[in-house]
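K.L.:
For reference, the structure I am asking about is given below.
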Amino acid sequence: MKEKKQLPKVPASRRPGRSAINALRTLLEQHDHIVQEIDGQNDFGEDLHVTFTEDGRVTGDMIKIQVKGGRSWRRTDGYGVPVSHHADTWTDGNVPVFCVVHDPESSTLHWANATKQLLLARRERRVLTTIQINAADRLDDVSLADFVSQARRYTNRYRGNQALRTRLGEMAGVEFGGTDIVMHFVNRWGEDLIFWQRRGEGYSTLLHSDLDWQPQCIWPEALQFNTTLRTLGSTPTIANVILDTAEAFWLVACFEATGWAREPLPGRDIGARDTADRGEYGFSARIGSPSNRLTSQRELVAAKELIAGDRIYWLSRHWNERGRLVSEVWDSVDTPGAICVRFDQLLLGDTFWPDEPFARSKRRL
């Protein structure tokens, strides 16, 4: 008697997978977007290529989508899609990748920007193993227009001048705003420096690869040139950062070009604050600087985290350290975006940028 020939078996995962792809494809095509499905033989972490349209015209904006279907992708706070071995292609590809999950019980679609989550994890030096999808981020006839708007805006990060800003942001681990002014410099040792100016902020930010990209609050008055730059030991500095001559003159040019952007934004009434009667020392009047020296009994905090009663440490112009007691903290009236800190019951407060670091005695719990 002849044995029965074994026929190929359909995998159990095929039905929910196909249902998910069909549901998403139907939704997108009903709104005139162009969907190209990737053959299973060529599926390397992407199931659909989607080109968006606007008023019936092809825009050229495209994303890739990894689609999952079934109950197995549920998590306590929504849904999750494993990154697996796709981390590099999803993060560094020329086209952003989104993940979409189809829930068969509710017949709903939910989405997340996988590329954005992976880049954020890289900036924070985390290894992301799962793309988190919020249950509230649904894809349907009502929400599709907002999804398309967000996706198209994200794809435009890699076009024209914005492409350079995006790459610099990814390199430094920050995200620049659309109106921010960003300038780049490479010193003779191949180290990258980024000058970052937000509109309406009275200070700027320096990002330096040799400082592990830690943001440094800087302002024109903080740039110090000694009388003779060429003599031994005469090195330009800014906010405790040692510079070489080329870096210092590059910063001079950056400050000169962006002075207008540090002016208060129109309509901002800084004189109406209830702190207007408090006296302030300007940045140019500062004698010494906050200490960053740490011990087992100290912690590093930003100026914006200080409160009355904190004990901080101060360096004199000769680098001698002493403790000081914070008496009061308030928003600066004279310098928009800055804060004032009054020490040791003095009459006037010193002016600082919010992220300037201080060594503070650890608080007792």
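Going by the structure tokens order, chains are called A, B, ..., each with residues numbered from 1, while ligands are numbered from 1 in the order shown.
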Given only C-alpha atoms, how would the per-residue table for region 26-74 of chain A near region 114-138 of chain A read, listing every residue at most 12 Å away with its closest atom pair and distance in Å to one decimal, sorted by chain and number, as a Markdown table?
P.N.:
| residue | atom | partner | partner_atom | distance |
| --- | --- | --- | --- | --- |
| A:Gly45 | CA | A:Ala114 | CA | 11.1 |
| A:Glu46 | CA | A:Ala114 | CA | 11.3 |
| A:Ile63 | CA | A:Thr115 | CA | 10.5 |
| A:Lys64 | CA | A:Ala114 | CA | 10.0 |
| A:Ile65 | CA | A:Ala114 | CA | 9.1 |
| A:Gln66 | CA | A:Ala114 | CA | 9.1 |
| A:Val67 | CA | A:Ala114 | CA | 11.7 |
| A:Lys68 | CA | A:Ile133 | CA | 11.6 |
| A:Trp73 | CA | A:Ile133 | CA | 9.7 |
| A:Arg74 | CA | A:Ile133 | CA | 9.3 |
K.L.:
May I have the residues within 6 Å of Ser291 (chain A) as a VMD selection string, using only C-alpha atoms and disregarding those fewer than 5 positions away in the same chain?
P.N.:
chain A and resid 313 to 315 358 to 359
K.L.:
Restrict the selected residues to all heavy atoms and save them as an mmCIF file, in the first residue's frame.
P.N.:
data_model
loop_
_atom_site.group_PDB
_atom_site.id
_atom_site.type_symbol
_atom_site.label_atom_id
_atom_site.label_comp_id
_atom_site.auth_asym_id
_atom_site.auth_seq_id
_atom_site.Cartn_x
_atom_site.Cartn_y
_atom_site.Cartn_z
ATOM 1 N N TYR A 313 29.285 74.779 45.743
ATOM 2 C CA TYR A 313 30.718 75.084 45.906
ATOM 3 C C TYR A 313 31.163 75.991 44.772
ATOM 4 O O TYR A 313 30.744 75.836 43.613
ATOM 5 C CB TYR A 313 31.523 73.783 45.955
ATOM 6 C CG TYR A 313 31.146 72.970 47.176
ATOM 7 C CD1 TYR A 313 30.081 72.079 47.122
ATOM 8 C CD2 TYR A 313 31.808 73.142 48.378
ATOM 9 C CE1 TYR A 313 29.691 71.369 48.248
ATOM 10 C CE2 TYR A 313 31.429 72.440 49.513
ATOM 11 C CZ TYR A 313 30.367 71.551 49.437
ATOM 12 O OH TYR A 313 29.975 70.870 50.556
ATOM 13 N N TRP A 314 31.998 76.964 45.126
ATOM 14 C CA TRP A 314 32.365 78.042 44.208
ATOM 15 C C TRP A 314 33.877 78.119 44.074
ATOM 16 O O TRP A 314 34.611 77.975 45.044
ATOM 17 C CB TRP A 314 31.830 79.372 44.748
ATOM 18 C CG TRP A 314 31.899 80.490 43.772
ATOM 19 C CD1 TRP A 314 32.869 81.443 43.680
ATOM 20 C CD2 TRP A 314 30.961 80.780 42.729
ATOM 21 N NE1 TRP A 314 32.598 82.319 42.648
ATOM 22 C CE2 TRP A 314 31.422 81.930 42.048
ATOM 23 C CE3 TRP A 314 29.775 80.180 42.313
ATOM 24 C CZ2 TRP A 314 30.744 82.486 40.970
ATOM 25 C CZ3 TRP A 314 29.093 80.731 41.240
ATOM 26 C CH2 TRP A 314 29.570 81.869 40.578
ATOM 27 N N LEU A 315 34.337 78.357 42.841
ATOM 28 C CA LEU A 315 35.765 78.525 42.567
ATOM 29 C C LEU A 315 36.071 80.002 42.370
ATOM 30 O O LEU A 315 35.409 80.677 41.570
ATOM 31 C CB LEU A 315 36.169 77.746 41.311
ATOM 32 C CG LEU A 315 36.073 76.221 41.396
ATOM 33 C CD1 LEU A 315 36.364 75.606 40.031
ATOM 34 C CD2 LEU A 315 37.029 75.665 42.441
ATOM 35 N N PHE A 358 26.493 72.654 38.694
ATOM 36 C CA PHE A 358 26.968 72.991 40.035
ATOM 37 C C PHE A 358 27.264 71.711 40.800
ATOM 38 O O PHE A 358 26.509 70.729 40.684
ATOM 39 C CB PHE A 358 25.887 73.752 40.819
ATOM 40 C CG PHE A 358 25.753 75.207 40.490
ATOM 41 C CD1 PHE A 358 25.129 75.610 39.321
ATOM 42 C CD2 PHE A 358 26.243 76.173 41.359
ATOM 43 C CE1 PHE A 358 24.982 76.954 39.024
ATOM 44 C CE2 PHE A 358 26.107 77.523 41.058
ATOM 45 C CZ PHE A 358 25.471 77.915 39.896
ATOM 46 N N ALA A 359 28.326 71.721 41.588
ATOM 47 C CA ALA A 359 28.549 70.654 42.571
ATOM 48 C C ALA A 359 27.759 71.045 43.830
ATOM 49 O O ALA A 359 28.001 72.094 44.416
ATOM 50 C CB ALA A 359 30.021 70.501 42.889
#
K.L.:
DSSP on the backbone: what in region 107-280 of chain A comes out strand (DSSP E or B), as a VMD selection string?
P.N.:
chain A and resid 108 to 113 130 to 134 138 to 139 181 to 186 192 to 197 204 to 208 216 to 218 223 to 224 237 to 238 241 to 242 280
K.L.:
Between A:Arg165, A:Gln224, A:Asp344, A:Val241, which one has atoms that come closest to Leu206 (chain A), using only C-alpha atoms?
P.N.:
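Under the stated criterion, the closest residue is A:Val241.
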K.L.:
Return the single residue from A:Thr258, A:Thr166, A:Thr59, A:Asn292 that is closest to Gly202 (chain A), with distances computed using only C-alpha atoms.
P.N.:
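Using only C-alpha atoms, the shortest distance to Gly202 (chain A) belongs to A:Thr258.
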K.L.:
Find the residues near Trp196 (chain A): any atom within 7 Å, counting only C-alpha atoms, skip ones fewer than 3 places away on the same chain, and give them as a count of residues only.
P.N.:
6
K.L.:
Excluding same-chain residues fewer than 3 positions from Phe52 (chain A), what lies within 12 Å of it counting only C-alpha atoms, as a PyMOL selection string?
P.N.:
chain A and resi 28-29+31-36+49+55-64+144-145+147-153+155
K.L.:
Let me make sure I understand: among A:Glu37, A:Asp47, A:Glu305, A:Asp212, which one has the smallest atom-to-atom distance to Glu356 (chain A) if we use only C-alpha atoms?
P.N.:
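Closest to Glu356 (chain A), using only C-alpha atoms: A:Glu305.
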K.L.:
Rounded to one decimal, what separation in Å do you get between CA of Val341 (chain A) and CA of Ile194 (chain A)?
P.N.:
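Interatomic distance here is 28.2 Å.
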K.L.:
Could you please determine the separation between CA of Asp146 (chain A) and CA of Ala172 (chain A) in Å, to one decimal place?
P.N.:
29.1 Å
K.L.:
Ranking A:Phe98, A:Tyr79, A:Phe352, A:Trp111 by minimum distance to Arg286 (chain A) and counting only C-alpha atoms, which one comes first?
P.N.:
A:Phe352
K.L.:
I need the alpha helix (DSSP H) residues of region 16-228 of chain A per DSSP on the backbone, written as a ChimeraX atom specification.
P.N.:
/A:16-30,87-92,114-123,144-155,160-172
K.L.:
Quick one: residues within 12 Å of Trp219 (chain A), only C-alpha atoms counted, chain neighbours fewer than 3 positions away excluded, as a ChimeraX atom specification?
P.N.:
/A:195-197,201-206,216,222-224,237-239,251-252,254-256,258-259,262,282-284,335,337-338,351-353,356
K.L.:
My list of candidates is A:Pro354, A:Gly349, A:Gly190, A:Gly173. Which is closest to Gln214 (chain A) when distances are computed with only C-alpha atoms?
P.N.:
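Checking each candidate against Gln214 (chain A), we get A:Gly173 as the closest.
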